[in-house]
Amino acid sequence: MVRRRVGLLVPSSNTVMEVDFQRHLPAGTTIHTGRMYLEETTPEAEAEMLDVHTFPAARGVATARPHVIVFGCTSAGALRGNDYDAELCRRIGAETSTEVVSVIASVRAAIRRRGGTRVGVFTPYVDALNRKIAASLEDDGLEVAAVFGMGITENFAIAEVPPEEITDRAAAALGSTAIDLAFLSCTNLRAADAAADLESRLGTPVVTSNLAALEETVRRLDAGAQPGWTGRVAAVDGGR
């Protein structure tokens, strides 16, 4: 069995993304993390993370020689627009000689694969970041019917929201809106554990940041993967 290595670039206060990747990546895949200093989920703090902490973390994780690196922050990926996110990933790839996965781009691709066109968005963020997420989707031709956020600015606190509360609050926020897909944003939100229940309650597919990134990561790894890999993440294929 060929061991495959995935590098994660995550905000330093993120405690969820690594867990989700460890739970859902195929056997024989190892996770290696570079942490980008961040404590507050605000545009100002995320801008500092992008400008000061991203490339040192990328250079560090690159020394583990990962086959793929994931830029693991949805809102920072959307912060300066889709063109900036694509250029950021290109620059990380050039710096590390590694293929790079963007979470927000993976989300847009996952929505498209599920046939979503009119999307309801639920996030832990403040409105300033919600607007950036909506703009990222709309700039790719999707219609954002509604965006609701929990207004949390302490990144560590986002991970403390239990899946049951995520489901209840997202269902209450989006249940009366005509949508064909729901997106739960944030790599530090336990959205993967809420997705299946929320799908049942809304009657629509649910995409989450981490499961979309997982799906794209496995697709990238698949060309060189061991026999038996499908290039898909089961939890995502089930609509989660």
# chains A, B, ... in the order shown; residues from 1 in each chain; ligands from 1
>>> residues_around(residues="Ala58 in chain A", least_positions_apart="4", cutoff="8 Å", atoms="only C-alpha atoms", output="PyMOL selection string")
chain A and resi 9+34+54+62+92+96
>>> residues_around(residues="Ala109 in chain A", least_positions_apart="4", cutoff="12 Å", atoms="only C-alpha atoms", output="number ranges by chain")
A: 101-105, 113-117, 136-137, 140-142, 207-209, 211-213, 215-216, 219
>>> closest_residue(among="A:Arg220, A:Arg35, A:Arg80, A:Arg90", to="Ala47 in chain A", atoms="only C-alpha atoms")
A:Arg80
>>> residues_around(residues="Thr187 in chain A", least_positions_apart="6", cutoff="12 Å", atoms="only C-alpha atoms", output="PyMOL selection string")
chain A and resi 8-21+41+70-77+102-104+107+123-125+155-156+158-159+207-214
>>> atom_distance(atom1="CA of Gly81 in chain A", atom2="CA of Ala128 in chain A")
13.3 Å
>>> atom_distance(atom1="CA of Thr177 in chain A", atom2="CA of Leu202 in chain A")
9.8 Å
>>> residues_around(residues="Val121 in chain A", least_positions_apart="2", cutoff="6 Å", atoms="only C-alpha atoms", output="list in words")
Val147, Ala182 and Phe183 of chain A
>>> write_last_selection(atoms="C-alpha atoms", output="compact mmCIF listing (two decimals), in the first residue's frame")
# COMPACT_ATOMS: atom_id res chain seq x y z
CA VAL A 147 -27.33 33.82 4.25
CA ALA A 182 -27.85 24.21 1.69
CA PHE A 183 -24.23 25.10 2.37
>>> select_by_dssp(residues="range 59-182 of chain A", states="strand (DSSP E or B)", output="list in words")
Val68, Ile69, Val70, Phe71, Glu99, Val100, Val101, Ser102, Arg118, Val119, Gly120, Val121, Phe122, Thr123, Glu143, Val144, Ala145, Ala146, Val147, Phe148, Gly149, Glu154, Leu181 and Ala182 of chain A
>>> select_by_dssp(residues="range 27-157 of chain A", states="alpha helix (DSSP H)", output="number ranges by chain")
A: 43-48, 54-62, 74-79, 82-96, 103-113, 127-138, 155-157
>>> write_last_selection(atoms="C-alpha atoms", output="tab-separated table (two decimals), in the first residue's frame")
chain	number	residue	atom	x	y	z
A	43	PRO	CA	-11.96	40.18	8.11
A	44	GLU	CA	-9.08	42.02	9.79
A	45	ALA	CA	-7.67	38.95	11.53
A	46	GLU	CA	-8.04	36.80	8.43
A	47	ALA	CA	-6.28	39.42	6.32
A	48	GLU	CA	-3.35	39.30	8.74
A	54	THR	CA	0.10	31.58	5.44
A	55	PHE	CA	3.37	31.16	3.60
A	56	PRO	CA	5.53	30.31	6.62
A	57	ALA	CA	2.99	27.60	7.48
A	58	ALA	CA	2.99	26.36	3.88
A	59	ARG	CA	6.78	26.17	3.76
A	60	GLY	CA	6.76	24.24	7.02
A	61	VAL	CA	4.17	21.66	6.00
A	62	ALA	CA	5.90	21.25	2.64
A	74	THR	CA	-13.33	28.91	3.76
A	75	SER	CA	-13.87	32.54	4.69
A	76	ALA	CA	-10.24	33.57	4.14
A	77	GLY	CA	-10.44	31.95	0.72
A	78	ALA	CA	-13.46	34.11	-0.07
A	79	LEU	CA	-12.18	37.24	1.65
A	82	ASN	CA	-12.26	34.11	-6.24
A	83	ASP	CA	-9.42	35.38	-8.42
A	84	TYR	CA	-7.31	36.12	-5.36
A	85	ASP	CA	-8.05	32.67	-3.93
A	86	ALA	CA	-7.00	31.00	-7.16
A	87	GLU	CA	-3.80	33.06	-7.27
A	88	LEU	CA	-3.09	32.31	-3.60
A	89	CYS	CA	-3.33	28.59	-4.26
A	90	ARG	CA	-1.15	28.94	-7.33
A	91	ARG	CA	1.48	30.78	-5.28
A	92	ILE	CA	1.37	28.20	-2.48
A	93	GLY	CA	1.77	25.49	-5.10
A	94	ALA	CA	4.75	27.25	-6.67
A	95	GLU	CA	6.35	27.81	-3.26
A	96	THR	CA	5.90	24.19	-2.17
A	103	VAL	CA	-11.88	24.94	0.28
A	104	ILE	CA	-14.14	27.64	-1.17
A	105	ALA	CA	-13.45	26.49	-4.73
A	106	SER	CA	-14.13	22.90	-3.63
A	107	VAL	CA	-17.46	24.04	-2.18
A	108	ARG	CA	-18.50	25.67	-5.44
A	109	ALA	CA	-17.56	22.52	-7.35
A	110	ALA	CA	-19.47	20.31	-4.91
A	111	ILE	CA	-22.57	22.48	-5.27
A	112	ARG	CA	-22.34	22.22	-9.04
A	113	ARG	CA	-21.95	18.43	-8.94
A	127	ASP	CA	-22.12	39.62	8.44
A	128	ALA	CA	-18.92	41.03	6.95
A	129	LEU	CA	-17.68	37.50	6.26
A	130	ASN	CA	-21.13	36.23	5.25
A	131	ARG	CA	-21.14	38.77	2.45
A	132	LYS	CA	-17.78	37.47	1.20
A	133	ILE	CA	-19.06	33.87	1.13
A	134	ALA	CA	-22.17	34.92	-0.77
A	135	ALA	CA	-20.08	36.92	-3.26
A	136	SER	CA	-17.82	33.93	-3.93
A	137	LEU	CA	-20.81	31.75	-4.82
A	138	GLU	CA	-22.57	34.44	-6.83
A	155	ASN	CA	-12.62	31.01	16.23
A	156	PHE	CA	-12.12	28.46	19.01
A	157	ALA	CA	-15.74	28.97	20.07
>>> residues_around(residues="Ala145 in chain A", least_positions_apart="6", cutoff="9 Å", atoms="only C-alpha atoms", output="list in words")
Arg118, Val119, Gly120, Val121, Thr177, Ala178 and Ile179 of chain A
